[in-house]
Amino acid sequence: MGLIKSLILINLFSYSVDTVMVQMRDGVNLVTEICYPWWYQYFPEPSPVLIARTPYPRDQILNDNVRWLICDFFNYILVIQSLRGYQGSEGFPTVFLTDGWGNLRDGYDLVEWVKNQSFCNGNIGTLGPSALGITQYMLSGVVHPNLKTLIPWIACHNMYFYAAFPGGEFRKALVENWLNGIGTPFLIDSVCKHPSYDTLWEKLNLNTRLDSIIYPMLHFTGWFDIFLESQVEAFQKINFLGNNLARGKQKLIIGPWGHQTFGQRQQGDITFPSNADWISNLKVLDLQFKWFDYYLNGEINDPDDSFLIFGPRVEFYLMGDVNDPDTTLFNRWYYSDTFPPPQVKYYKFYLHSDLSLSLTPPDFGDTYSSYISRPWDPVPTIGGNEFIGIPNDAYGPKDISPILNRSDVLVFTSPLLDTSYAVVGRPIMVLYASSDAFDTDFAIRLADVYPDGRTILVQDNILKARYRHSFENEELLIPNQIDTFYIPLWSTAYVFNKNHRIRIIISSTNYPRFEINPQTGAPFIRNDPNQVEAINKVYTNSTFPSHILLPLMWPHPVYVKEKEFEDKYDIKFETLLRGDKNLLSIREKLPPETEIEIFDIRGSKISVNKNLKSGVYFVLLKNKQSKNFFMI
């Protein structure tokens, strides 16, 4: 019977519901609904069970139609539980802290309860998007033999880096609006008491539990989703570094979708071809139950099922110019066993002081570009991987042209492309910069300039400068000293078409997507009223060649080597032990007015008289006639 005909029978044969209180290990009772297929009252045989755990009203995502499909069409028993402190469940809400591997293990306790019920045949899976997916990732870090598989989609496995503080900056719109929306605004301050990565965040980071993960999992996300990078990382970590029972059994599907627009063609300011529509034909749902049928029932029903289970580990949509009707090269689905695919190589696209972007390294004519960051007048958020709290619902691939003429942004643009470049993977911004403040942010946007002038946001991210060396420890800037900032953007699979341009936009604010950095260097608080302006410089010279590393799947351009300086004289370096310090010593007499600068392997400048630990250093000798670089 076809799905449409089956839907007609929804009022004739419908599931039934029991509501019970299930006790957790500390005595707290959580509201739990058991949805039985219509036939169960006539044929009460033990069956596979699907579990969903949620902070939302239990019928908000798993509404009547979805429940009917799961129970009466796909023939599974569905168990829905409200998280601790929500929707009638007892206890204090902690937002996922009691759902994983801590002292309280609510997810594990529910699986244990379900496997002991007469309706369960011992095979249990989990499902659900967003918060329901987060509870699955937390549960996967605890071993239960009756849990067979999980399908977390548009979800997060590493809450500090991909939900609350990406790049060390507070993700203001998402956290504040979501916690307010589920009725626990008091938890916002609880989150903000931990602005650095610490032991609390370790309890919400599945990467710390890789050895414990024994389950095949289907990771389902979108290029514009709020948790995209988390699911890419979860797949990579578990599939290649996880327990040997889970290794090689992970599947990652990434479509051109956002959080609330999952499976739809329309995203931001662009509309993808019909092959991006997975909603109208219920493909998103169909794939999940093909997965469940195999791992819970041992069924392979058709070649598509076999390809899903045993085929390439990654299926992703390669995006591109939506004005081009040809989908042979882009705006089509690709398959690979890894993400990014093995043929991807990184290339440096350099920033220049004339605000151009190219494969050619800067020369002596390049210097730096600067802007003044004023926290009280932040650069507004337009587009990006959000779904709540952004004015005008400006999510996803939006035209960000309105911000380009601001004086507090730098805009670097490539020439017209003479061929198409497929950027597949995670772009990385390598910024050599300075600030006259003790702290600032660097917000990076990667965009596609269409021939008609639209600047469509492809991907972005941010870095709080005090976390440039470590997210565990804060280190304020030394005003006006050049430092190195590595800023990984989130992953993408995007073709910059021929006759388009690649554009990089740099600012120090992206509000309200991220909290405003007051730039005072003071400890983090939300909405800090004490703010100072900062003059921020981005260096684009041969010594400090700021660039973005773009992972190109095709083509692979001729690599442009960095310029090598001709040695004017032979220099011998050695270290001199003086007291308890190893100091740099140069045996030869240097030309008059020669300046000496030393940099560590990360490109950070260090004092000439600083104690040198074992390692690799770069020495720059400068005078009026020449510059000479040495590696020691």
# chains A, B, ... in the order shown; residues from 1 in each chain; ligands from 1
>>> residues_around(residues="Pro545 of chain A", least_positions_apart="3", cutoff="10 Å", atoms="only C-alpha atoms", output="VMD selection string")
chain A and resid 348 to 352 361 to 363 366 to 368 430 to 432 538 to 542 548 562
>>> residues_around(residues="Arg67 of chain A", least_positions_apart="6", cutoff="8 Å", atoms="only C-alpha atoms", output="list in words")
Tyr15, Cys35 and Leu78 of chain A
>>> select_by_dssp(residues="segment 64-181 of chain A", states="strand (DSSP E or B)", output="list in words")
Ile77, Leu78, Val79, Ile80, Gln81, Ser82, Cys120, Asn121, Gly122, Asn123, Ile124, Gly125, Thr126, Leu127, Gly128, Pro129, Leu147, Lys148, Thr149, Leu150, Ile151, Pro152, Trp153 and Asn158 of chain A
>>> closest_atom_pairs(of="segment 354-402 of chain A", to="segment 479-500 of chain A", cutoff="12 Å", atoms="only C-alpha atoms", output="JSON lines")
{"residue": "A:Tyr368", "atom": "CA", "partner": "A:Ile482", "partner_atom": "CA", "distance": 11.2}
{"residue": "A:Ser370", "atom": "CA", "partner": "A:Asn480", "partner_atom": "CA", "distance": 11.9}
{"residue": "A:Gly384", "atom": "CA", "partner": "A:Trp490", "partner_atom": "CA", "distance": 10.2}
{"residue": "A:Asn385", "atom": "CA", "partner": "A:Trp490", "partner_atom": "CA", "distance": 9.2}
{"residue": "A:Pro397", "atom": "CA", "partner": "A:Tyr494", "partner_atom": "CA", "distance": 11.4}
>>> write_last_selection(atoms="all heavy atoms", output="compact mmCIF listing (two decimals), in the first residue's frame")
# COMPACT_ATOMS: atom_id res chain seq x y z
N TYR A 368 49.53 46.75 5.30
CA TYR A 368 48.44 46.26 6.16
C TYR A 368 47.20 47.07 5.86
O TYR A 368 47.24 48.11 5.19
CB TYR A 368 48.81 46.38 7.64
CG TYR A 368 49.01 47.79 8.13
CD1 TYR A 368 47.93 48.58 8.53
CD2 TYR A 368 50.29 48.35 8.19
CE1 TYR A 368 48.11 49.88 8.96
CE2 TYR A 368 50.48 49.65 8.63
CZ TYR A 368 49.38 50.41 9.02
OH TYR A 368 49.57 51.70 9.45
N SER A 370 43.58 48.49 8.00
CA SER A 370 43.09 48.69 9.37
C SER A 370 41.66 49.19 9.38
O SER A 370 41.14 49.68 8.36
CB SER A 370 44.00 49.68 10.12
OG SER A 370 43.92 50.97 9.54
N GLY A 384 23.91 33.24 7.80
CA GLY A 384 24.73 32.40 8.66
C GLY A 384 23.95 31.22 9.22
O GLY A 384 22.74 31.09 9.02
N ASN A 385 24.66 30.37 9.94
CA ASN A 385 24.08 29.12 10.45
C ASN A 385 23.32 29.35 11.75
O ASN A 385 23.75 28.93 12.83
CB ASN A 385 25.19 28.08 10.64
CG ASN A 385 25.76 27.62 9.32
OD1 ASN A 385 26.01 28.42 8.43
ND2 ASN A 385 25.97 26.33 9.18
N PRO A 397 22.12 31.41 3.40
CA PRO A 397 22.90 32.11 2.36
C PRO A 397 22.22 33.41 1.93
O PRO A 397 21.55 33.47 0.90
CB PRO A 397 22.93 31.08 1.21
CG PRO A 397 21.65 30.30 1.39
CD PRO A 397 21.42 30.22 2.87
>>> closest_atom_pairs(of="segment 108-190 of chain A", to="segment 441-451 of chain A", cutoff="12 Å", atoms="only C-alpha atoms", output="Markdown table")
| residue | atom | partner | partner_atom | distance |
| --- | --- | --- | --- | --- |
| A:Pro166 | CA | A:Ala443 | CA | 11.2 |
| A:Gly167 | CA | A:Asp441 | CA | 9.2 |
| A:Gly168 | CA | A:Asp441 | CA | 9.5 |
| A:Glu169 | CA | A:Asp441 | CA | 8.1 |
| A:Phe170 | CA | A:Asp441 | CA | 11.2 |
>>> write_last_selection(atoms="all heavy atoms", output="tab-separated table (two decimals), in the first residue's frame")
chain	number	residue	atom	x	y	z
A	166	PRO	N	31.40	29.07	20.16
A	166	PRO	CA	32.29	28.82	19.01
A	166	PRO	C	33.35	29.91	18.90
A	166	PRO	O	33.05	31.09	18.98
A	166	PRO	CB	31.33	28.83	17.81
A	166	PRO	CG	30.12	29.56	18.29
A	166	PRO	CD	30.02	29.33	19.76
A	167	GLY	N	34.60	29.50	18.76
A	167	GLY	CA	35.68	30.48	18.71
A	167	GLY	C	35.88	31.21	20.01
A	167	GLY	O	36.57	32.23	20.06
A	168	GLY	N	35.28	30.71	21.09
A	168	GLY	CA	35.42	31.34	22.40
A	168	GLY	C	34.46	32.49	22.65
A	168	GLY	O	34.45	33.05	23.74
A	169	GLU	N	33.65	32.87	21.65
A	169	GLU	CA	32.71	33.98	21.82
A	169	GLU	C	31.30	33.43	22.05
A	169	GLU	O	30.89	32.45	21.42
A	169	GLU	CB	32.74	34.90	20.60
A	169	GLU	CG	31.91	36.17	20.76
A	169	GLU	CD	32.30	36.99	21.98
A	169	GLU	OE1	31.74	36.71	23.07
A	169	GLU	OE2	33.17	37.87	21.87
A	170	PHE	N	30.56	34.07	22.95
A	170	PHE	CA	29.23	33.63	23.32
A	170	PHE	C	28.28	33.72	22.13
A	170	PHE	O	28.16	34.77	21.48
A	170	PHE	CB	28.71	34.47	24.48
A	170	PHE	CG	27.33	34.11	24.94
A	170	PHE	CD1	27.01	32.80	25.27
A	170	PHE	CD2	26.34	35.08	25.05
A	170	PHE	CE1	25.73	32.47	25.72
A	170	PHE	CE2	25.07	34.76	25.49
A	170	PHE	CZ	24.76	33.44	25.82
>>> residues_around(residues="Glu515 of chain A", least_positions_apart="6", cutoff="12 Å", atoms="only C-alpha atoms", output="VMD selection string")
chain A and resid 164 to 176 192 195 375 to 376 378 to 381 440 to 441 443 462 to 464 508 to 509 524 to 528
>>> residues_around(residues="Ala131 of chain A", least_positions_apart="2", cutoff="8 Å", atoms="only C-alpha atoms", output="PyMOL selection string")
chain A and resi 54-55+128-129+133-135+155
>>> write_last_selection(atoms="N, CA, C and O atoms", output="PDB file, in the first residue's frame")
ATOM      1  N   THR A  54      12.997  14.678  24.979  1.00  0.00           N
ATOM      2  CA  THR A  54      12.831  16.055  24.521  1.00  0.00           C
ATOM      3  C   THR A  54      12.549  17.028  25.658  1.00  0.00           C
ATOM      4  O   THR A  54      11.861  16.675  26.627  1.00  0.00           O
ATOM      5  N   PRO A  55      13.041  18.284  25.546  1.00  0.00           N
ATOM      6  CA  PRO A  55      12.645  19.341  26.481  1.00  0.00           C
ATOM      7  C   PRO A  55      11.389  20.069  26.021  1.00  0.00           C
ATOM      8  O   PRO A  55      10.852  20.892  26.758  1.00  0.00           O
ATOM      9  N   GLY A 128      15.195  11.608  16.370  1.00  0.00           N
ATOM     10  CA  GLY A 128      14.758  12.954  16.672  1.00  0.00           C
ATOM     11  C   GLY A 128      15.787  14.001  16.324  1.00  0.00           C
ATOM     12  O   GLY A 128      16.999  13.764  16.380  1.00  0.00           O
ATOM     13  N   PRO A 129      15.333  15.201  15.936  1.00  0.00           N
ATOM     14  CA  PRO A 129      16.229  16.287  15.543  1.00  0.00           C
ATOM     15  C   PRO A 129      16.557  17.241  16.674  1.00  0.00           C
ATOM     16  O   PRO A 129      15.908  17.242  17.729  1.00  0.00           O
ATOM     17  N   GLY A 133      18.203  15.251  19.163  1.00  0.00           N
ATOM     18  CA  GLY A 133      19.445  14.660  18.665  1.00  0.00           C
ATOM     19  C   GLY A 133      20.583  14.818  19.656  1.00  0.00           C
ATOM     20  O   GLY A 133      21.438  13.938  19.777  1.00  0.00           O
ATOM     21  N   ILE A 134      20.595  15.949  20.376  1.00  0.00           N
ATOM     22  CA  ILE A 134      21.643  16.151  21.390  1.00  0.00           C
ATOM     23  C   ILE A 134      21.541  15.090  22.479  1.00  0.00           C
ATOM     24  O   ILE A 134      22.550  14.537  22.928  1.00  0.00           O
ATOM     25  N   THR A 135      20.318  14.788  22.906  1.00  0.00           N
ATOM     26  CA  THR A 135      20.164  13.738  23.929  1.00  0.00           C
ATOM     27  C   THR A 135      20.674  12.403  23.410  1.00  0.00           C
ATOM     28  O   THR A 135      21.170  11.576  24.186  1.00  0.00           O
ATOM     29  N   ALA A 155      21.912  18.150  15.019  1.00  0.00           N
ATOM     30  CA  ALA A 155      22.173  18.057  16.460  1.00  0.00           C
ATOM     31  C   ALA A 155      23.635  18.368  16.760  1.00  0.00           C
ATOM     32  O   ALA A 155      24.456  18.550  15.859  1.00  0.00           O
TER      33      ALA A 155
END
>>> atom_distance(atom1="atom CA of Ser82 of chain A", atom2="atom CA of Thr208 of chain A")
26.0 Å
>>> residues_around(residues="Glu595 of chain A", least_positions_apart="2", cutoff="7 Å", atoms="only C-alpha atoms", output="list in words")
Glu593, Glu597, Leu621, Lys622 and Asn623 of chain A
>>> residues_around(residues="Ile270 of chain A", least_positions_apart="3", cutoff="7 Å", atoms="only C-alpha atoms", output="number ranges by chain")
A: 266-267, 322, 397
>>> atom_distance(atom1="atom CA of Pro48 of chain A", atom2="atom CA of Gly91 of chain A")
29.1 Å
>>> closest_residue(among="A:Pro185, A:Gly311, A:Gly125, A:Gly141", to="Asp293 of chain A", atoms="only C-alpha atoms")
A:Gly125
>>> atom_distance(atom1="atom CA of Leu296 of chain A", atom2="atom CA of Gly122 of chain A")
9.2 Å
>>> closest_residue(among="A:His259, A:His194, A:Arg247, A:Lys283", to="Phe224 of chain A", atoms="only C-alpha atoms")
A:His259
>>> residues_around(residues="Gln288 of chain A", least_positions_apart="3", cutoff="8 Å", atoms="only C-alpha atoms", output="list in words")
Ile151, Leu218, Val284, Leu285, Trp291 and Phe292 of chain A
